[in-house]
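Participant: I am sharing work15.txt, which consists of compact mmCIF, C-alpha atoms:
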```
# COMPACT_ATOMS: atom_id res chain seq x y z
CA MET A 1 35.62 11.58 17.39
CA SER A 2 32.91 14.22 16.93
CA THR A 3 30.11 13.33 14.57
CA ALA A 4 26.77 14.63 13.34
CA VAL A 5 25.22 11.14 13.21
CA ASP A 6 21.81 11.06 14.90
CA LEU A 7 21.16 7.31 14.91
CA LEU A 8 23.36 4.26 14.45
CA VAL A 9 21.88 0.78 13.98
CA LYS A 10 24.69 -1.74 14.37
CA ASP A 11 25.63 -5.40 14.69
CA ALA A 12 23.02 -6.68 12.24
CA GLU A 13 23.39 -10.32 11.34
CA LEU A 14 22.82 -9.08 7.81
CA LEU A 15 22.11 -5.56 6.52
CA VAL A 16 20.28 -5.59 3.19
CA VAL A 17 21.18 -2.32 1.48
CA ASP A 18 19.37 -3.07 -1.77
CA GLY A 19 19.00 -5.88 -4.30
CA GLU A 20 22.70 -5.84 -5.10
CA ARG A 21 24.41 -5.31 -1.74
CA GLU A 22 24.19 -7.15 1.59
CA ILE A 23 26.57 -6.58 4.53
CA PRO A 24 27.07 -9.31 7.17
CA GLY A 25 27.55 -7.70 10.58
CA GLY A 26 26.47 -4.43 9.04
CA TRP A 27 25.63 -1.02 10.43
CA ILE A 28 23.75 2.00 9.13
CA ALA A 29 24.12 5.67 10.12
CA VAL A 30 21.30 8.21 9.94
CA THR A 31 21.43 12.00 10.05
CA ASP A 32 18.56 14.44 9.52
CA GLY A 33 16.25 11.67 8.35
CA ARG A 34 18.63 10.38 5.67
CA VAL A 35 21.01 7.45 5.42
CA THR A 36 24.52 8.90 5.59
CA ALA A 37 26.69 5.77 5.63
CA VAL A 38 26.60 1.98 5.76
CA GLY A 39 29.43 -0.39 6.57
CA ALA A 40 30.69 -3.60 8.08
CA GLY A 41 31.40 -4.22 11.75
CA GLY A 42 34.47 -2.51 13.18
CA SER A 43 34.07 0.73 11.22
CA GLU A 44 31.01 2.13 13.01
CA LEU A 45 30.58 5.87 13.44
CA GLU A 46 29.74 7.50 16.75
CA ALA A 47 26.14 8.64 17.13
CA SER A 48 23.78 10.38 19.50
CA THR A 49 21.64 7.24 19.69
CA THR A 50 22.74 3.66 19.07
CA LEU A 51 20.44 0.69 18.54
CA SER A 52 21.63 -2.91 18.58
CA ALA A 53 20.36 -5.22 15.87
CA SER A 54 22.46 -8.09 17.19
CA GLY A 55 21.47 -11.39 15.60
CA ARG A 56 18.73 -9.74 13.54
CA LEU A 57 18.10 -8.93 9.90
CA VAL A 58 17.91 -5.26 8.84
CA THR A 59 16.12 -4.34 5.61
CA PRO A 60 14.71 -1.26 3.95
CA GLY A 61 11.20 -0.49 5.14
CA LEU A 62 8.48 -2.33 3.22
CA ILE A 63 6.21 -0.20 1.05
CA ASN A 64 2.47 -0.75 0.67
CA THR A 65 1.14 0.24 -2.76
CA HIS A 66 -2.56 -0.56 -2.30
CA HIS A 67 -4.84 -0.40 0.71
CA HIS A 68 -8.32 0.62 1.85
CA ILE A 69 -7.53 1.45 5.46
CA TYR A 70 -11.06 2.49 6.45
CA GLN A 71 -12.15 -1.12 5.94
CA ASN A 72 -10.54 -2.16 9.24
CA LEU A 73 -13.84 -0.94 10.70
CA THR A 74 -15.62 -3.90 9.04
CA ARG A 75 -13.06 -6.69 9.26
CA SER A 76 -14.20 -10.30 8.86
CA TYR A 77 -17.80 -9.11 8.48
CA ALA A 78 -19.66 -12.44 8.55
CA PRO A 79 -22.35 -11.75 5.88
CA ALA A 80 -19.64 -10.92 3.31
CA VAL A 81 -16.76 -13.31 3.94
CA ASN A 82 -17.78 -16.05 1.50
CA GLY A 83 -19.07 -13.98 -1.40
CA THR A 84 -17.57 -13.12 -4.77
CA LEU A 85 -15.91 -9.74 -5.21
CA PHE A 86 -19.13 -8.13 -6.44
CA ASP A 87 -21.22 -9.83 -3.71
CA TRP A 88 -18.71 -8.67 -1.10
CA LEU A 89 -18.86 -5.08 -2.36
CA THR A 90 -22.64 -4.82 -2.51
CA THR A 91 -22.92 -6.23 1.04
CA LEU A 92 -20.49 -3.71 2.52
CA TYR A 93 -21.30 -0.53 0.61
CA PRO A 94 -24.31 0.28 2.86
CA LEU A 95 -22.10 -0.04 5.98
CA TRP A 96 -19.39 2.15 4.49
CA ALA A 97 -22.00 4.82 3.82
CA ARG A 98 -21.71 5.57 7.57
CA LEU A 99 -18.09 6.68 7.20
CA ASP A 100 -17.37 10.12 8.65
CA GLU A 101 -14.29 12.15 9.67
CA GLU A 102 -13.92 10.43 13.03
CA ALA A 103 -14.16 7.01 11.39
CA ALA A 104 -11.59 7.97 8.75
CA TYR A 105 -9.19 9.25 11.42
CA VAL A 106 -9.37 6.31 13.84
CA SER A 107 -9.22 3.71 11.08
CA ALA A 108 -6.18 5.43 9.56
CA TYR A 109 -4.41 5.75 12.91
CA VAL A 110 -4.97 2.09 13.81
CA GLY A 111 -4.19 0.95 10.28
CA MET A 112 -0.90 2.83 10.20
CA ALA A 113 0.09 1.43 13.60
CA GLU A 114 -0.61 -2.06 12.26
CA LEU A 115 1.40 -1.38 9.12
CA LEU A 116 4.36 -0.19 11.18
CA MET A 117 4.24 -3.38 13.25
CA GLY A 118 4.43 -5.39 10.00
CA GLY A 119 7.52 -3.55 8.82
CA CYS A 120 5.82 -1.02 6.55
CA THR A 121 7.32 2.48 6.53
CA THR A 122 5.41 3.97 3.57
CA SER A 123 1.85 3.29 2.49
CA SER A 124 -0.59 4.52 -0.06
CA ASP A 125 -4.29 4.37 0.69
CA HIS A 126 -7.21 4.24 -1.72
CA LEU A 127 -10.20 5.95 -0.08
CA TYR A 128 -12.95 5.88 -2.67
CA VAL A 129 -16.20 6.12 -0.65
CA HIS A 130 -17.11 9.70 0.18
CA PRO A 131 -20.50 9.90 1.88
CA ARG A 132 -19.18 12.99 3.73
CA PRO A 133 -16.48 15.58 3.04
CA TYR A 134 -12.91 15.83 4.38
CA LEU A 135 -12.33 12.10 4.86
CA VAL A 136 -8.93 12.10 3.14
CA ASP A 137 -7.96 15.13 5.24
CA ALA A 138 -8.70 13.08 8.36
CA GLU A 139 -6.42 10.27 7.16
CA ILE A 140 -3.63 12.74 6.45
CA ARG A 141 -4.06 14.21 9.93
CA ALA A 142 -3.56 10.72 11.42
CA ALA A 143 -0.42 10.20 9.34
CA ARG A 144 1.00 13.51 10.51
CA ASP A 145 0.15 12.75 14.14
CA ILE A 146 2.11 9.48 13.85
CA GLY A 147 4.96 10.63 11.60
CA PHE A 148 4.14 8.00 8.99
CA ARG A 149 5.12 8.31 5.31
CA PHE A 150 1.79 8.40 3.50
CA HIS A 151 0.58 8.62 -0.09
CA ALA A 152 -3.11 9.49 0.17
CA THR A 153 -5.11 8.80 -2.97
CA ARG A 154 -8.33 10.67 -3.60
CA GLY A 155 -10.60 7.87 -4.76
CA SER A 156 -13.99 8.39 -6.31
CA MET A 157 -17.18 6.68 -7.46
CA THR A 158 -19.75 8.43 -9.64
CA ARG A 159 -21.64 5.54 -11.26
CA SER A 160 -24.24 4.35 -8.74
CA VAL A 161 -26.45 1.30 -9.08
CA GLU A 162 -29.11 3.58 -10.59
CA ASP A 163 -26.61 4.43 -13.35
CA GLY A 164 -25.58 0.86 -14.07
CA GLY A 165 -22.79 0.62 -11.48
CA LEU A 166 -22.44 -1.32 -8.24
CA PRO A 167 -22.39 1.21 -5.36
CA PRO A 168 -25.48 2.85 -3.87
CA ARG A 169 -26.05 6.54 -4.44
CA SER A 170 -25.10 7.25 -0.80
CA VAL A 171 -21.39 6.66 -1.45
CA THR A 172 -21.07 8.26 -4.89
CA GLN A 173 -20.50 11.87 -5.95
CA SER A 174 -20.94 13.99 -9.05
CA THR A 175 -18.10 14.54 -11.49
CA ASP A 176 -17.82 18.19 -10.46
CA GLU A 177 -17.59 17.27 -6.76
CA VAL A 178 -14.85 14.71 -7.44
CA LEU A 179 -12.70 17.00 -9.56
CA ALA A 180 -13.07 20.03 -7.28
CA ASP A 181 -12.11 18.07 -4.17
CA SER A 182 -9.24 16.36 -5.97
CA GLU A 183 -7.77 19.73 -6.86
CA ARG A 184 -8.35 21.04 -3.33
CA LEU A 185 -6.53 18.10 -1.75
CA ILE A 186 -3.53 18.47 -4.03
CA LYS A 187 -3.22 22.16 -3.21
CA ALA A 188 -3.75 21.60 0.52
CA HIS A 189 -1.60 18.54 1.18
CA HIS A 190 0.60 17.32 -1.68
CA ASP A 191 4.29 17.80 -0.97
CA PRO A 192 6.42 17.29 -4.11
CA GLN A 193 9.72 17.92 -2.30
CA PRO A 194 12.31 15.15 -1.79
CA GLY A 195 11.81 13.30 1.48
CA ALA A 196 8.12 14.24 1.67
CA LEU A 197 6.01 12.47 4.27
CA ILE A 198 2.70 13.36 2.62
CA ARG A 199 1.82 13.08 -1.05
CA VAL A 200 -1.50 12.97 -2.86
CA ALA A 201 -2.50 10.91 -5.91
CA LEU A 202 -5.81 10.69 -7.79
CA ALA A 203 -7.66 7.39 -7.87
CA PRO A 204 -11.09 6.79 -9.45
CA CYS A 205 -12.11 3.44 -8.06
CA SER A 206 -12.65 1.20 -11.08
CA PRO A 207 -14.13 1.00 -14.58
CA PHE A 208 -17.47 -0.11 -13.15
CA SER A 209 -17.84 2.66 -10.55
CA VAL A 210 -16.96 5.88 -12.41
CA THR A 211 -17.94 7.30 -15.77
CA LYS A 212 -15.54 7.76 -18.65
CA ASP A 213 -15.47 11.55 -18.27
CA VAL A 214 -14.18 11.18 -14.69
CA MET A 215 -11.36 8.90 -15.82
CA THR A 216 -10.36 11.27 -18.62
CA ALA A 217 -10.63 14.48 -16.57
CA THR A 218 -8.71 12.91 -13.67
CA ALA A 219 -5.84 11.95 -15.96
CA GLU A 220 -5.73 15.51 -17.27
CA LEU A 221 -5.76 16.92 -13.72
CA ALA A 222 -2.91 14.63 -12.68
CA GLU A 223 -0.87 15.77 -15.66
CA ARG A 224 -1.49 19.44 -14.82
CA TYR A 225 -0.38 19.08 -11.19
CA ASP A 226 2.22 16.35 -11.80
CA VAL A 227 0.73 13.85 -9.36
CA ARG A 228 0.32 10.11 -9.76
CA LEU A 229 -2.71 8.08 -10.81
CA HIS A 230 -4.10 4.89 -9.27
CA THR A 231 -7.06 2.60 -9.86
CA HIS A 232 -8.16 -1.03 -9.86
CA LEU A 233 -7.65 -2.73 -13.21
CA ALA A 234 -8.37 -6.21 -14.60
CA GLU A 235 -9.19 -7.56 -11.15
CA ASP A 236 -12.10 -9.85 -11.96
CA ARG A 237 -13.61 -11.68 -14.93
CA ASP A 238 -16.84 -9.78 -14.25
CA GLU A 239 -14.89 -6.60 -15.04
CA ASP A 240 -14.14 -7.92 -18.55
CA THR A 241 -17.83 -8.60 -19.10
CA TYR A 242 -18.86 -5.21 -17.70
CA CYS A 243 -16.42 -3.25 -19.88
CA LEU A 244 -17.38 -5.15 -23.03
CA GLU A 245 -21.08 -4.56 -22.40
CA THR A 246 -20.72 -0.93 -21.28
CA TYR A 247 -17.82 0.42 -23.32
CA GLY A 248 -17.48 -2.10 -26.12
CA CYS A 249 -13.90 -2.97 -25.22
CA ARG A 250 -11.77 -4.79 -22.67
CA PRO A 251 -10.57 -3.00 -19.48
CA VAL A 252 -7.02 -2.31 -20.70
CA GLU A 253 -8.26 -0.79 -23.96
CA TYR A 254 -10.68 1.40 -21.98
CA PHE A 255 -7.74 2.34 -19.74
CA GLU A 256 -5.81 3.49 -22.82
CA ASP A 257 -8.77 5.38 -24.27
CA THR A 258 -9.11 7.48 -21.12
CA GLY A 259 -5.48 8.65 -21.05
CA TRP A 260 -4.25 6.44 -18.23
CA MET A 261 -1.60 4.43 -20.08
CA SER A 262 1.29 6.36 -18.53
CA ASP A 263 4.30 5.92 -16.29
CA ARG A 264 2.61 8.13 -13.69
CA THR A 265 0.04 5.33 -13.20
CA TRP A 266 0.03 2.26 -11.00
CA VAL A 267 -2.89 -0.16 -10.79
CA ALA A 268 -4.11 -2.70 -8.25
CA HIS A 269 -4.37 -6.44 -8.93
CA CYS A 270 -4.06 -6.57 -12.75
CA ILE A 271 -4.88 -10.28 -12.84
CA TYR A 272 -6.55 -10.72 -16.22
CA PRO A 273 -4.71 -8.79 -18.95
CA ASN A 274 -3.87 -10.95 -21.95
CA ASP A 275 -0.32 -11.22 -23.29
CA ASP A 276 -0.64 -8.30 -25.70
CA GLU A 277 -2.21 -6.08 -23.03
CA LEU A 278 0.58 -6.95 -20.60
CA ARG A 279 3.19 -5.91 -23.15
CA ARG A 280 1.39 -2.60 -23.76
CA LEU A 281 1.22 -1.89 -20.03
CA ALA A 282 4.94 -2.63 -19.73
CA ALA A 283 5.84 -0.41 -22.67
CA ALA A 284 3.96 2.49 -21.04
CA GLY A 285 5.66 1.97 -17.66
CA VAL A 286 2.44 1.28 -15.75
CA GLY A 287 3.10 -0.16 -12.27
CA VAL A 288 1.19 -3.00 -10.61
CA ALA A 289 0.28 -3.45 -6.94
CA HIS A 290 0.30 -7.21 -6.35
CA CYS A 291 -2.12 -8.18 -3.53
CA PRO A 292 -1.51 -11.85 -2.66
CA SER A 293 -3.73 -12.42 0.39
CA SER A 294 -6.73 -10.52 -0.93
CA ASN A 295 -6.62 -12.36 -4.24
CA MET A 296 -6.47 -15.73 -2.46
CA LEU A 297 -9.28 -14.90 -0.01
CA ILE A 298 -11.58 -13.58 -2.74
CA GLY A 299 -10.57 -16.54 -4.92
CA GLY A 300 -10.10 -14.32 -7.95
CA GLY A 301 -6.76 -15.45 -9.37
CA THR A 302 -3.40 -13.75 -9.03
CA ALA A 303 -1.13 -11.50 -11.06
CA ARG A 304 1.52 -12.99 -13.34
CA VAL A 305 4.28 -11.40 -11.34
CA LYS A 306 7.25 -13.25 -12.85
CA GLU A 307 6.17 -12.39 -16.40
CA MET A 308 5.46 -8.78 -15.44
CA ARG A 309 8.91 -8.33 -13.93
CA GLU A 310 10.55 -9.93 -16.95
CA LEU A 311 8.74 -7.40 -19.16
CA GLY A 312 9.99 -4.56 -16.96
CA LEU A 313 6.76 -3.55 -15.25
CA PRO A 314 7.25 -2.02 -11.81
CA VAL A 315 5.61 -4.55 -9.47
CA GLY A 316 5.05 -3.71 -5.80
CA ILE A 317 3.21 -5.24 -2.87
CA GLY A 318 -0.24 -4.22 -1.62
CA CYS A 319 -2.11 -5.58 1.37
CA ASP A 320 -5.46 -4.38 -0.05
CA GLY A 321 -8.54 -3.69 2.03
CA SER A 322 -8.73 -4.48 5.69
CA ALA A 323 -12.14 -6.06 5.08
CA SER A 324 -10.91 -8.47 2.41
CA THR A 325 -7.41 -9.30 3.61
CA ASP A 326 -8.38 -8.62 7.24
CA HIS A 327 -4.84 -7.68 8.20
CA ALA A 328 -2.26 -5.05 7.28
CA SER A 329 1.03 -6.93 7.59
CA LEU A 330 3.41 -6.30 4.73
CA TRP A 331 5.54 -9.18 6.00
CA MET A 332 2.59 -11.52 5.45
CA GLU A 333 2.01 -10.08 1.99
CA THR A 334 5.66 -10.46 1.07
CA ARG A 335 5.60 -14.09 2.22
CA GLY A 336 2.36 -14.53 0.26
CA ALA A 337 4.11 -13.23 -2.85
CA LEU A 338 6.88 -15.79 -2.31
CA LEU A 339 4.43 -18.66 -1.93
CA LEU A 340 2.16 -17.65 -4.81
CA GLY A 341 5.10 -17.06 -7.11
CA ARG A 342 6.43 -20.55 -6.47
CA TYR A 343 2.96 -22.13 -6.59
CA ARG A 344 2.32 -20.54 -9.95
CA GLY A 345 5.74 -20.88 -11.59
CA GLY A 346 7.65 -23.59 -9.74
CA PRO A 347 10.44 -23.43 -7.14
CA GLY A 348 12.69 -21.30 -9.35
CA ALA A 349 10.06 -18.66 -10.02
CA MET A 350 10.43 -16.67 -6.79
CA THR A 351 13.02 -16.41 -4.02
CA ALA A 352 12.81 -14.56 -0.72
CA ARG A 353 15.10 -11.90 -2.19
CA ASP A 354 12.78 -11.49 -5.18
CA ALA A 355 9.83 -11.02 -2.83
CA LEU A 356 11.77 -8.52 -0.70
CA ASP A 357 12.76 -6.63 -3.84
CA ILE A 358 9.11 -6.42 -4.90
CA ALA A 359 8.07 -5.11 -1.45
CA THR A 360 10.82 -2.47 -1.40
CA ARG A 361 12.33 -1.32 -4.68
CA GLY A 362 9.39 -2.48 -6.79
CA SER A 363 6.90 -0.69 -4.58
CA ALA A 364 9.03 2.46 -4.59
CA ARG A 365 8.96 2.45 -8.40
CA CYS A 366 5.16 2.19 -8.33
CA LEU A 367 4.98 5.31 -6.16
CA GLY A 368 7.50 7.19 -8.27
CA ARG A 369 10.12 7.27 -5.49
CA ALA A 370 12.78 4.79 -6.55
CA ASP A 371 15.47 7.41 -5.97
CA GLU A 372 14.93 7.69 -2.20
CA LEU A 373 12.75 4.80 -0.97
CA GLY A 374 13.07 1.02 -1.08
CA HIS A 375 16.83 0.91 -0.46
CA LEU A 376 19.35 1.98 2.19
CA ARG A 377 22.06 3.52 0.06
CA PRO A 378 23.55 6.79 1.39
CA GLY A 379 21.15 9.61 0.55
CA ALA A 380 18.03 7.46 0.87
CA CYS A 381 15.26 8.32 3.31
CA ALA A 382 16.08 6.60 6.62
CA ASP A 383 13.18 4.13 6.52
CA LEU A 384 14.32 0.77 7.83
CA VAL A 385 13.25 -2.29 9.81
CA VAL A 386 15.06 -4.51 12.30
CA TRP A 387 13.31 -7.88 12.11
CA ASP A 388 12.78 -10.32 14.96
CA LEU A 389 12.17 -14.05 14.65
CA HIS A 390 11.84 -16.12 17.77
CA GLU A 391 14.79 -18.37 18.46
CA VAL A 392 12.53 -21.42 18.27
CA ALA A 393 11.46 -20.47 14.73
CA LEU A 394 15.08 -19.85 13.73
CA ALA A 395 16.49 -23.06 15.21
CA GLY A 396 18.48 -24.76 12.46
CA ALA A 397 18.29 -21.83 10.03
CA LEU A 398 22.02 -21.20 9.75
CA SER A 399 22.79 -20.53 6.11
CA ASP A 400 20.65 -17.67 4.76
CA PRO A 401 19.04 -14.95 6.92
CA VAL A 402 16.90 -13.56 4.07
CA GLU A 403 15.35 -16.90 3.13
CA ALA A 404 14.85 -17.66 6.84
CA TRP A 405 13.09 -14.29 7.26
CA LEU A 406 10.20 -15.35 5.00
CA ARG A 407 10.32 -19.13 5.37
CA CYS A 408 10.71 -19.50 9.14
CA GLY A 409 8.29 -16.84 10.37
CA PRO A 410 6.16 -15.37 11.55
CA ALA A 411 8.47 -12.39 11.69
CA ARG A 412 7.63 -9.07 13.27
CA ALA A 413 9.21 -5.67 13.20
CA TRP A 414 11.41 -5.36 16.28
CA THR A 415 12.30 -1.78 15.38
CA THR A 416 10.68 0.34 12.65
CA VAL A 417 12.28 3.64 11.70
CA VAL A 418 10.63 6.25 9.44
CA GLY A 419 12.69 9.24 8.41
CA GLY A 420 15.12 8.54 11.24
CA ARG A 421 12.37 8.35 13.90
CA VAL A 422 11.80 5.13 15.83
CA LEU A 423 8.07 4.35 15.62
CA VAL A 424 8.19 0.69 16.73
CA GLU A 425 10.52 -0.34 19.53
CA ARG A 426 10.93 -3.90 20.83
CA GLY A 427 7.91 -4.91 18.75
CA GLU A 428 5.52 -2.28 20.12
CA PRO A 429 4.33 0.95 18.48
CA VAL A 430 5.77 4.09 20.08
CA LEU A 431 2.50 6.00 19.76
CA ALA A 432 1.22 7.80 22.83
CA GLY A 433 -2.32 8.12 21.50
CA LEU A 434 -2.83 4.53 20.38
CA ARG A 435 -4.75 3.27 23.43
CA ASP A 436 -7.33 6.07 23.24
CA VAL A 437 -7.70 5.69 19.48
CA LEU A 438 -8.26 1.94 19.82
CA ARG A 439 -11.10 2.61 22.27
CA ASP A 440 -12.67 5.08 19.84
CA HIS A 441 -12.13 2.68 16.95
CA GLY A 442 -14.12 -0.02 18.76
CA ARG A 443 -17.02 2.35 19.31
CA VAL A 444 -17.01 3.53 15.69
CA ALA A 445 -16.75 -0.03 14.33
CA ARG A 446 -19.81 -1.08 16.36
CA ARG A 447 -21.71 1.93 15.05
CA MET A 448 -20.78 1.13 11.46
CA GLN A 449 -21.55 -2.59 11.66
CA GLN A 450 -24.61 -2.45 13.89
CA GLY A 451 -26.01 0.99 13.07
CA VAL A 452 -25.85 2.07 16.74
```
Spell out the structure here as structure tokens.
Facilitator:
Amino acid sequence: MSTAVDLLVKDAELLVVDGEREIPGGWIAVTDGRVTAVGAGGSELEASTTLSASGRLVTPGLINTHHHIYQNLTRSYAPAVNGTLFDWLTTLYPLWARLDEEAAYVSAYVGMAELLMGGCTTSSDHLYVHPRPYLVDAEIRAARDIGFRFHATRGSMTRSVEDGGLPPRSVTQSTDEVLADSERLIKAHHDPQPGALIRVALAPCSPFSVTKDVMTATAELAERYDVRLHTHLAEDRDEDTYCLETYGCRPVEYFEDTGWMSDRTWVAHCIYPNDDELRRLAAAGVGVAHCPSSNMLIGGGTARVKEMRELGLPVGIGCDGSASTDHASLWMETRGALLLGRYRGGPGAMTARDALDIATRGSARCLGRADELGHLRPGACADLVVWDLHEVALAGALSDPVEAWLRCGPARAWTTVVGGRVLVERGEPVLAGLRDVLRDHGRVARRMQQGV
């Protein structure tokens, strides 16, 4: 039988199509970067390339809704590991002032390789320190070199310590610089077409690091170009105090006042809204990037994920900065969401399927791509993961492959496919330039941490 199928993944123990459909012994066919068919064993199509997922779980690719990839250059930095959020930031800002194009490129390349190994097929990134120009361009270049699906966000900080903020002047910019470069990046790199690998969003860092005019003007710019908005919100109790003292209101009210209460917006953390604020965020369609590991390591609380989902908020997974979480494994974050959900709300509050749904369909909603990402229905982008758990870890896990996936780990991506391209094979990244980039990354990290 002749066929136009490019790739067939078959013999999965279980194929998770989406939150409503699972196929034991399933297969999935891919053509031109899109899912063209799914089915049960015995009805497979012929294909140019066939991959066996025998005995393994196949899921949609996990989607990362919040990250600071450049921070993998300062991972586990000893002077900062035991501080509060604000202590941690003020310790690391001077190091991040050394960021340049090479540093942005190598950190993005290594970070994306790490994400792929953890089953992530799409990631946003929040790059908000800009001591030099063209840093976001360097990240986008790395994504294109790899073939990774990437939502770059043009972060910004304009309120330095001299102006009552936290960051030093060396990593802040003027309002005019921020807005001009935001517009340039959209025009140069944002692809609004279906199936896009590269998109751009706008992302002032936080209420305590930009001025009100930047927040307002950025929201207006996003509306004009129809791009998404991202920022940190309600992450720390100190943020409540700062907003009350500086703006005379709580963070969510300030968020509303600046024109950000919109369904084009998703925010990171969102730990401390009160009940009324949570309802207002839900009514506006604001999404939340839940960052389990970072919140636990900083000791700053955790989002009320169950309540948010019950109110209808889009809730996705974020691994957060590589210098706070110190890893970029979406599998670990998804497991963290499972554990935190049950710790907070009891054993019925979160299942492995709930956590997977957050990391796939929930994350896709946050990025405005629920139509084509986060599921494996025909027509979706062909972003999928074949998961591997060692037979020792799986011994005795006979009844539920999805629960076993998060409970019996660690799991790793055996095969990661982005847009129909295999980027991880047998657990290893298929990236010809990775070895050279790792060498350069080590040199750049030493320069950033040691000033040499």
Participant: Given the choices A:Leu278, A:Ala4, A:Leu229, A:Cys319, which gets closest to His290 (chain A) if the distance is worked out from all atoms listed in the file?
Facilitator: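 Result for the nearest residue to His290 (chain A): A:Cys319.
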Participant: Go through A:Thr218, A:Thr175, A:Ser399, A:Thr122 one by one, measure the shortest atom-to-atom distance of each to Ala152 (chain A) using all atoms listed in the file, and give the residue with the smallest value.
Facilitator: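 Answer, going by the shortest atom-to-atom distance: A:Thr122.
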Participant: Can you build me a table of region 33-152 of chain A residues sitting at most 12 Å from region 433-443 of chain A, with the closest atom pair per residue and its distance in Å to one decimal, using all atoms listed in the file, sorted by chain and residue number, as a Markdown table?
Facilitator:
```
| residue | atom | partner | partner_atom | distance |
| --- | --- | --- | --- | --- |
| A:Tyr70 | CA | A:His441 | CA | 10.6 |
| A:Gln71 | CA | A:His441 | CA | 11.6 |
| A:Asn72 | CA | A:His441 | CA | 9.2 |
| A:Leu73 | CA | A:His441 | CA | 7.4 |
| A:Thr74 | CA | A:Gly442 | CA | 10.6 |
| A:Arg75 | CA | A:Gly442 | CA | 11.7 |
| A:Glu102 | CA | A:Asp440 | CA | 8.7 |
| A:Ala103 | CA | A:His441 | CA | 7.3 |
| A:Ala104 | CA | A:His441 | CA | 9.8 |
| A:Tyr105 | CA | A:Val437 | CA | 8.9 |
| A:Val106 | CA | A:His441 | CA | 5.5 |
| A:Ser107 | CA | A:His441 | CA | 6.6 |
| A:Ala108 | CA | A:His441 | CA | 9.9 |
| A:Tyr109 | CA | A:Val437 | CA | 7.3 |
| A:Val110 | CA | A:Leu438 | CA | 6.9 |
| A:Gly111 | CA | A:Leu438 | CA | 10.4 |
| A:Met112 | CA | A:Leu434 | CA | 10.5 |
| A:Ala113 | CA | A:Leu434 | CA | 8.0 |
| A:Glu114 | CA | A:Leu434 | CA | 10.7 |
| A:Ala142 | CA | A:Val437 | CA | 10.4 |
| A:Asp145 | CA | A:Gly433 | CA | 9.0 |
| A:Ile146 | CA | A:Gly433 | CA | 8.9 |
```
Participant: Take the residues from that selection and write them out as a CSV table (one decimal), in the coordinates of the input, keeping C-alpha atoms.
Facilitator:
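Done, and the output landed in selection-v7.csv:
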```csv
chain,number,residue,atom,x,y,z
A,70,TYR,CA,-11.1,2.5,6.4
A,71,GLN,CA,-12.2,-1.1,5.9
A,72,ASN,CA,-10.5,-2.2,9.2
A,73,LEU,CA,-13.8,-0.9,10.7
A,74,THR,CA,-15.6,-3.9,9.0
A,75,ARG,CA,-13.1,-6.7,9.3
A,102,GLU,CA,-13.9,10.4,13.0
A,103,ALA,CA,-14.2,7.0,11.4
A,104,ALA,CA,-11.6,8.0,8.8
A,105,TYR,CA,-9.2,9.2,11.4
A,106,VAL,CA,-9.4,6.3,13.8
A,107,SER,CA,-9.2,3.7,11.1
A,108,ALA,CA,-6.2,5.4,9.6
A,109,TYR,CA,-4.4,5.8,12.9
A,110,VAL,CA,-5.0,2.1,13.8
A,111,GLY,CA,-4.2,1.0,10.3
A,112,MET,CA,-0.9,2.8,10.2
A,113,ALA,CA,0.1,1.4,13.6
A,114,GLU,CA,-0.6,-2.1,12.3
A,142,ALA,CA,-3.6,10.7,11.4
A,145,ASP,CA,0.2,12.8,14.1
A,146,ILE,CA,2.1,9.5,13.8
```
Participant: Rounded to one decimal in Å, what is the spacing between CA of Asn295 (chain A) and CA of His269 (chain A)?
Facilitator: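 Between these atoms lies a distance of 7.9 Å.
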Participant: Rank nothing, just name the residue among A:Glu162, A:Asp137, A:Glu44, A:Glu428 nearest to Asp11 (chain A), using all atoms listed in the file.
Facilitator: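 Answer, going by the shortest atom-to-atom distance: A:Glu44.
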Participant: Which residues of region 204-228 of chain A come within 9 Å of region 239-256 of chain A, and for each one, what is the closest pair of atoms and their distance in Å to one decimal, counting all atoms listed in the file, sorted by chain and residue number, as a tab-separated table?
Facilitator:
```
residue	atom	partner	partner_atom	distance
A:Pro207	CA	A:Cys243	CA	7.2
A:Phe208	CA	A:Tyr242	CA	7.0
A:Lys212	CA	A:Tyr254	CA	8.7
A:Met215	CA	A:Phe255	CA	8.5
```
Participant: Restricting it to C-alpha atoms, dump the selection as a short mmCIF file (atom, residue, chain, number, x, y, z; two decimals), in the frame of the given file.
Facilitator:
```
data_model
loop_
_atom_site.label_atom_id
_atom_site.label_comp_id
_atom_site.auth_asym_id
_atom_site.auth_seq_id
_atom_site.Cartn_x
_atom_site.Cartn_y
_atom_site.Cartn_z
CA PRO A 207 -14.13 1.00 -14.58
CA PHE A 208 -17.47 -0.11 -13.15
CA LYS A 212 -15.54 7.76 -18.65
CA MET A 215 -11.36 8.90 -15.82
#
```
Participant: So, counting all atoms listed in the file, which residue among A:Ile140, A:Leu202, A:Val386, A:Cys381 is closest to Arg56 (chain A)?
Facilitator: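 Answer, going by the shortest atom-to-atom distance: A:Val386.
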Participant: Could you list as a list in words every residue that has an atom within 9 Å of (-14.2, 1.2, -4.9), using the file's coordinates and counting all atoms listed in the file?
Facilitator: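 So the residues meeting the distance criterion are His68, Leu89, His126, Leu127, Tyr128, Val129, Gly155, Ser156, Met157, Pro167, Pro204, Cys205, Ser206, Phe208, Ser209, Thr231 and His232 of chain A.
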Participant: Once you count all atoms listed in the file, which residues end up no further than 9 Å from (20.9, -11.1, 15.5) in the file's frame, shown as a PyMOL selection string?
Facilitator: chain A and resi 11-14+25+52-57+387-388
